[in-house]
Amino acid sequence: MVIIDSQDPSLESLEERLRRSNTFLTNLLHSSVDGVIAADKTGKILLFNNAAAEISGYDEEEALTTLNIRDVYPGDGAYDIMAELRSDRHGGPGKLKSYQIDVLQKDGTLIPISLNAAIIYEDGQETATMGFFHDLREAIRIKKELEKTQIQLLQSEKMASLGKLAAGVAHQLNNPLGGITLFARLMMEEYDLEEDALKDLNRILKDAERCRDTVKELLEFARQTRHEMRPLDINRAISRTLFLLENQTLFQNIVIERHLSTEIPTVRGDTQQLNHMFMNIILNAAQAMEGHGTLAIRTCLASDGERVVIEITDTGPGIDEDTLPHIFEPFFTTKEEGEGTGIGLSLVYGIVENHDGMIQATNNTPCGTRFMIELPLSTPEDEENPSEK
Ligand SMILES: Nc1ncnc2c1ncn2[C@@H]1O[C@H](COP(=O)(O)OP(=O)(O)OP(=O)(O)O)[C@@H](O)[C@H]1O
Ligand SMILES: [Mg+2]
């Protein structure tokens, strides 16, 4: 037992030093950017610093009096942490490093955190636990932002090379196409041809015209321009994509049903991005149907009259329930290596977000997948001031 003699000056300074050192430690813990929480064996909170209060939404006073460590984590989170702590999976029993879990805020919001924790032993007995943790929201946001940029870069690289290819093809095709048209016309005008020959030449002219249209659409599709939001006709964007795709081998045994409402106003959008969006969804549908089935595209005005609804359905195998929540994630693919990179739908998601729209994928009955997209209508200001996005 230590008896403090209040008359003894050396003891007084010892007491003072102890008090100061305690204040220093308390300040140290409270100034930590990381949350610090300690709890006893029953879960009663012993220490709750300012950062812990900020992340959890509880103040220190209520944490120390009414909160239990079990309330800080959702479900059985606190038990899971104890189980991990007692195991030797994280650098020996009694230790836990960089463990990712959610904190349940006072208002019910879940905050992702990274936790370093330890059991405090006294004479070999567990007496308390202590955890240091930091909020992962900013890190997760930056990671998502980086992934988005990476996807956009990959896609624009892909599109830039497609654009160059298209421009090259257009250049090479335009001259002979001009020649075909010119000489077919000359023959029709300068020779006294029989009815049948005239018919054949007309056919040549028509087909040449069709080739020119294809080249034009291809150029329009792959055009590398600044992204610009302006009022646009969504049916036209869909038709352009279908025009380019429907003669491809993959689409030869696919029936394409168009239910494009002529009653819908323009949406606020960027032509190139929307072309890419339709291209990716329609290609996925054709790939899922392995070239056989029905692709249906429907457009209409939403019941609130403020958005255009686009529905794209296929009669493929659908998407199984475990896969469905992941399809918009970057690099998620169920395709063999070399057949898919998993960037199509994540790009689609980014484009819909850019347009302040909404996208949803569901399974259709009796079979197939249904993609539903909603895009806001354009406003008179969009007409006057197209904005960059
Ligand atoms: N219409 C669909 N029917 C069935 N599954 C689909 C459909 N559309 C997408 N999926 C599933 O979603 C996954 C992700 O699609 P996404 O377009 O992002 O990538 P991908 O097609 O695999 O590759 P990439 O588009 O880069 O070539 C696909 O691998 C597929 O499993
Ligand atoms: Mg795809």
# chains A, B, ... in the order shown; residues from 1 in each chain; ligands from 1

$ residues_near_ligand --ligand "ligand 2" --cutoff "12 Å" --atoms "only C-alpha atoms and all ligand atoms" --output "PyMOL selection string"
chain A and resi 155+276-288+327-336+338-348

$ write_last_selection --atoms "C-alpha atoms" --output "PDB file, in the first residue's frame"
ATOM      1  CA  GLN A 155     -13.310   2.231 -74.184  1.00  0.00           C
ATOM      2  CA  HIS A 276     -22.144   3.047 -77.356  1.00  0.00           C
ATOM      3  CA  MET A 277     -24.719   2.296 -74.709  1.00  0.00           C
ATOM      4  CA  PHE A 278     -27.161   0.676 -77.170  1.00  0.00           C
ATOM      5  CA  MET A 279     -24.355  -1.112 -78.983  1.00  0.00           C
ATOM      6  CA  ASN A 280     -23.152  -2.796 -75.765  1.00  0.00           C
ATOM      7  CA  ILE A 281     -26.616  -3.858 -74.550  1.00  0.00           C
ATOM      8  CA  ILE A 282     -27.740  -5.149 -77.952  1.00  0.00           C
ATOM      9  CA  LEU A 283     -24.467  -7.010 -78.584  1.00  0.00           C
ATOM     10  CA  ASN A 284     -24.734  -8.675 -75.152  1.00  0.00           C
ATOM     11  CA  ALA A 285     -28.300  -9.754 -75.976  1.00  0.00           C
ATOM     12  CA  ALA A 286     -27.282 -11.241 -79.323  1.00  0.00           C
ATOM     13  CA  GLN A 287     -24.301 -12.986 -77.730  1.00  0.00           C
ATOM     14  CA  ALA A 288     -26.519 -14.394 -74.950  1.00  0.00           C
ATOM     15  CA  ILE A 327     -23.144  -7.380 -64.092  1.00  0.00           C
ATOM     16  CA  PHE A 328     -22.493  -3.617 -63.933  1.00  0.00           C
ATOM     17  CA  GLU A 329     -19.191  -4.056 -62.063  1.00  0.00           C
ATOM     18  CA  PRO A 330     -16.045  -3.221 -64.006  1.00  0.00           C
ATOM     19  CA  PHE A 331     -14.323  -6.285 -65.472  1.00  0.00           C
ATOM     20  CA  PHE A 332     -17.083  -8.655 -64.406  1.00  0.00           C
ATOM     21  CA  THR A 333     -17.648 -11.235 -67.128  1.00  0.00           C
ATOM     22  CA  THR A 334     -18.949 -14.795 -67.390  1.00  0.00           C
ATOM     23  CA  LYS A 335     -17.435 -15.127 -70.844  1.00  0.00           C
ATOM     24  CA  GLU A 336     -14.339 -17.115 -71.719  1.00  0.00           C
ATOM     25  CA  GLY A 338     -10.726 -13.504 -75.140  1.00  0.00           C
ATOM     26  CA  GLU A 339     -14.508 -13.384 -75.617  1.00  0.00           C
ATOM     27  CA  GLY A 340     -15.371 -10.724 -73.070  1.00  0.00           C
ATOM     28  CA  THR A 341     -13.516  -8.242 -70.907  1.00  0.00           C
ATOM     29  CA  GLY A 342     -16.470  -7.245 -68.736  1.00  0.00           C
ATOM     30  CA  ILE A 343     -16.324  -3.562 -69.552  1.00  0.00           C
ATOM     31  CA  GLY A 344     -19.493  -3.307 -71.680  1.00  0.00           C
ATOM     32  CA  LEU A 345     -22.084  -2.915 -68.956  1.00  0.00           C
ATOM     33  CA  SER A 346     -19.905  -0.907 -66.589  1.00  0.00           C
ATOM     34  CA  LEU A 347     -19.492   1.591 -69.397  1.00  0.00           C
ATOM     35  CA  VAL A 348     -23.264   1.515 -69.966  1.00  0.00           C
TER      36      VAL A 348
END

$ closest_atom_pairs --of "region 117-160 of chain A" --to "region 89-104 of chain A" --cutoff "6 Å" --atoms "only C-alpha atoms" --output "tab-separated table"
residue	atom	partner	partner_atom	distance
A:Ala117	CA	A:Leu96	CA	5.0
A:Ala118	CA	A:Lys95	CA	4.6
A:Ile119	CA	A:Gly94	CA	4.9

$ closest_residue --among "A:Asp192, A:Asp107, A:Glu337, A:Glu157" --to "ligand 1" --atoms "only C-alpha atoms and all ligand atoms"
A:Glu337

$ residues_around --residues "region 367-372 of chain A" --least-positions-apart "2" --cutoff "9 Å" --atoms "only C-alpha atoms" --output "PyMOL selection string"
chain A and resi 281+285+288-289+309-319+358-365+374

$ closest_residue --among "A:Ser32, A:Ser303, A:Asn174, A:Thr294" --to "ligand 1" --atoms "only C-alpha atoms and all ligand atoms"
A:Thr294

$ atom_distance --atom1 "CA of Ala167 (chain A)" --atom2 "CA of Thr266 (chain A)"
28.7 Å

$ select_by_dssp --residues "region 87-324 of chain A" --states "strand (DSSP E or B)" --output "PyMOL selection string"
chain A and resi 95-104+110-122+125-135+228-232+253-260+267-269+292-301+307-313

$ select_by_dssp --residues "region 276-361 of chain A" --states "helix (DSSP H, G or I)" --output "compact mmCIF listing (two decimals) with N, CA and C atoms, in the first residue's frame"
# COMPACT_ATOMS: atom_id res chain seq x y z
N HIS A 276 -22.94 4.08 -78.02
CA HIS A 276 -22.14 3.05 -77.36
C HIS A 276 -22.98 2.25 -76.37
N MET A 277 -23.87 2.96 -75.69
CA MET A 277 -24.72 2.30 -74.71
C MET A 277 -25.60 1.24 -75.39
N PHE A 278 -26.28 1.64 -76.48
CA PHE A 278 -27.16 0.68 -77.17
C PHE A 278 -26.35 -0.46 -77.77
N MET A 279 -25.21 -0.11 -78.35
CA MET A 279 -24.36 -1.11 -78.98
C MET A 279 -24.00 -2.21 -77.96
N ASN A 280 -23.57 -1.81 -76.77
CA ASN A 280 -23.15 -2.80 -75.76
C ASN A 280 -24.31 -3.67 -75.29
N ILE A 281 -25.47 -3.07 -75.05
CA ILE A 281 -26.62 -3.86 -74.55
C ILE A 281 -27.11 -4.82 -75.64
N ILE A 282 -27.21 -4.32 -76.87
CA ILE A 282 -27.74 -5.15 -77.95
C ILE A 282 -26.76 -6.28 -78.30
N LEU A 283 -25.47 -5.96 -78.30
CA LEU A 283 -24.47 -7.01 -78.58
C LEU A 283 -24.53 -8.10 -77.52
N ASN A 284 -24.61 -7.69 -76.24
CA ASN A 284 -24.73 -8.68 -75.15
C ASN A 284 -25.93 -9.58 -75.38
N ALA A 285 -27.08 -8.97 -75.78
CA ALA A 285 -28.30 -9.75 -75.98
C ALA A 285 -28.09 -10.77 -77.09
N ALA A 286 -27.49 -10.33 -78.19
CA ALA A 286 -27.28 -11.24 -79.32
C ALA A 286 -26.31 -12.35 -78.94
N GLN A 287 -25.27 -11.98 -78.16
CA GLN A 287 -24.30 -12.99 -77.73
C GLN A 287 -24.97 -13.99 -76.80
N ALA A 288 -25.84 -13.49 -75.89
CA ALA A 288 -26.52 -14.39 -74.95
C ALA A 288 -27.44 -15.35 -75.71
N LEU A 324 -26.56 -11.63 -61.31
CA LEU A 324 -27.28 -10.37 -61.55
C LEU A 324 -26.73 -9.15 -60.80
N PRO A 325 -26.43 -9.26 -59.47
CA PRO A 325 -25.96 -8.04 -58.78
C PRO A 325 -24.59 -7.55 -59.26
N HIS A 326 -23.87 -8.36 -60.05
CA HIS A 326 -22.49 -7.98 -60.40
C HIS A 326 -22.32 -7.49 -61.83
N GLY A 344 -18.30 -3.80 -70.99
CA GLY A 344 -19.49 -3.31 -71.68
C GLY A 344 -20.51 -2.66 -70.76
N LEU A 345 -21.00 -3.44 -69.79
CA LEU A 345 -22.08 -2.91 -68.96
C LEU A 345 -21.62 -1.88 -67.94
N SER A 346 -20.34 -1.94 -67.53
CA SER A 346 -19.91 -0.91 -66.59
C SER A 346 -19.84 0.43 -67.32
N LEU A 347 -19.49 0.37 -68.60
CA LEU A 347 -19.49 1.59 -69.40
C LEU A 347 -20.93 2.10 -69.56
N VAL A 348 -21.85 1.16 -69.83
CA VAL A 348 -23.26 1.52 -69.97
C VAL A 348 -23.74 2.22 -68.69
N TYR A 349 -23.34 1.67 -67.54
CA TYR A 349 -23.75 2.24 -66.25
C TYR A 349 -23.25 3.68 -66.12
N GLY A 350 -21.98 3.88 -66.48
CA GLY A 350 -21.37 5.21 -66.41
C GLY A 350 -22.11 6.19 -67.31
N ILE A 351 -22.49 5.72 -68.50
CA ILE A 351 -23.18 6.59 -69.45
C ILE A 351 -24.55 6.98 -68.90
N VAL A 352 -25.27 6.00 -68.34
CA VAL A 352 -26.60 6.29 -67.79
C VAL A 352 -26.46 7.31 -66.64
N GLU A 353 -25.43 7.12 -65.81
CA GLU A 353 -25.18 8.06 -64.70
C GLU A 353 -24.92 9.46 -65.23
N ASN A 354 -24.08 9.54 -66.28
CA ASN A 354 -23.77 10.83 -66.90
C ASN A 354 -25.01 11.55 -67.38

$ residues_around --residues "Ala128 (chain A)" --least-positions-apart "5" --cutoff "7 Å" --atoms "only C-alpha atoms" --output "PDB file with C-alpha atoms, in the first residue's frame"
ATOM      1  CA  ALA A  38     -11.928   0.206 -25.792  1.00  0.00           C
ATOM      2  CA  ALA A  39     -14.490  -2.054 -24.117  1.00  0.00           C
ATOM      3  CA  ASP A  40     -14.452  -4.395 -21.152  1.00  0.00           C
ATOM      4  CA  LYS A  41     -15.387  -8.082 -21.264  1.00  0.00           C
ATOM      5  CA  ILE A 119      -7.235  -8.096 -26.728  1.00  0.00           C
ATOM      6  CA  ILE A 120      -5.774  -6.696 -23.523  1.00  0.00           C
TER       7      ILE A 120
END

$ residues_around --residues "Lys106 (chain A)" --least-positions-apart "5" --cutoff "12 Å" --atoms "only C-alpha atoms" --output "JSON, numbers by chain"
{"A": [52, 53, 54, 55, 56, 57, 58, 59, 62, 63, 67, 71, 72, 73, 74, 111]}

$ closest_residue --among "A:Val255, A:Leu295, A:Ala197, A:Ile113" --to "ligand 1" --atoms "only C-alpha atoms and all ligand atoms"
A:Leu295

$ closest_residue --among "A:Leu64, A:Gly291, A:Ala139, A:Glu306" --to "ligand 1" --atoms "only C-alpha atoms and all ligand atoms"
A:Gly291

$ atom_distance --atom1 "CA of Gly269 (chain A)" --atom2 "CA of Arg230 (chain A)"
5.5 Å

$ residues_around --residues "Thr181 (chain A)" --least-positions-apart "5" --cutoff "9 Å" --atoms "only C-alpha atoms" --output "list in words"
Pro176, Leu186, Ile204, Leu205, Ala208 and Glu209 of chain A

$ write_last_selection --atoms "C-alpha atoms" --output "CSV table (one decimal), in the first residue's frame"
chain,number,residue,atom,x,y,z
A,176,PRO,CA,-15.2,3.6,-105.9
A,186,LEU,CA,-24.0,7.7,-117.5
A,204,ILE,CA,-26.9,-1.0,-108.8
A,205,LEU,CA,-27.6,2.6,-108.0
A,208,ALA,CA,-24.5,1.9,-104.0
A,209,GLU,CA,-26.6,4.4,-102.1

$ atom_distance --atom1 "atom 6 (C, counted along the ligand's line) of ligand 1" --atom2 "CA of Lys143 (chain A)"
25.1 Å

$ closest_residue --among "A:Gln105, A:Thr323, A:Glu189, A:Ala51" --to "ligand 1" --atoms "only C-alpha atoms and all ligand atoms"
A:Thr323

$ closest_residue --among "A:Gly293, A:Gly124, A:Gly75, A:Gly357" --to "ligand 1" --atoms "only C-alpha atoms and all ligand atoms"
A:Gly293
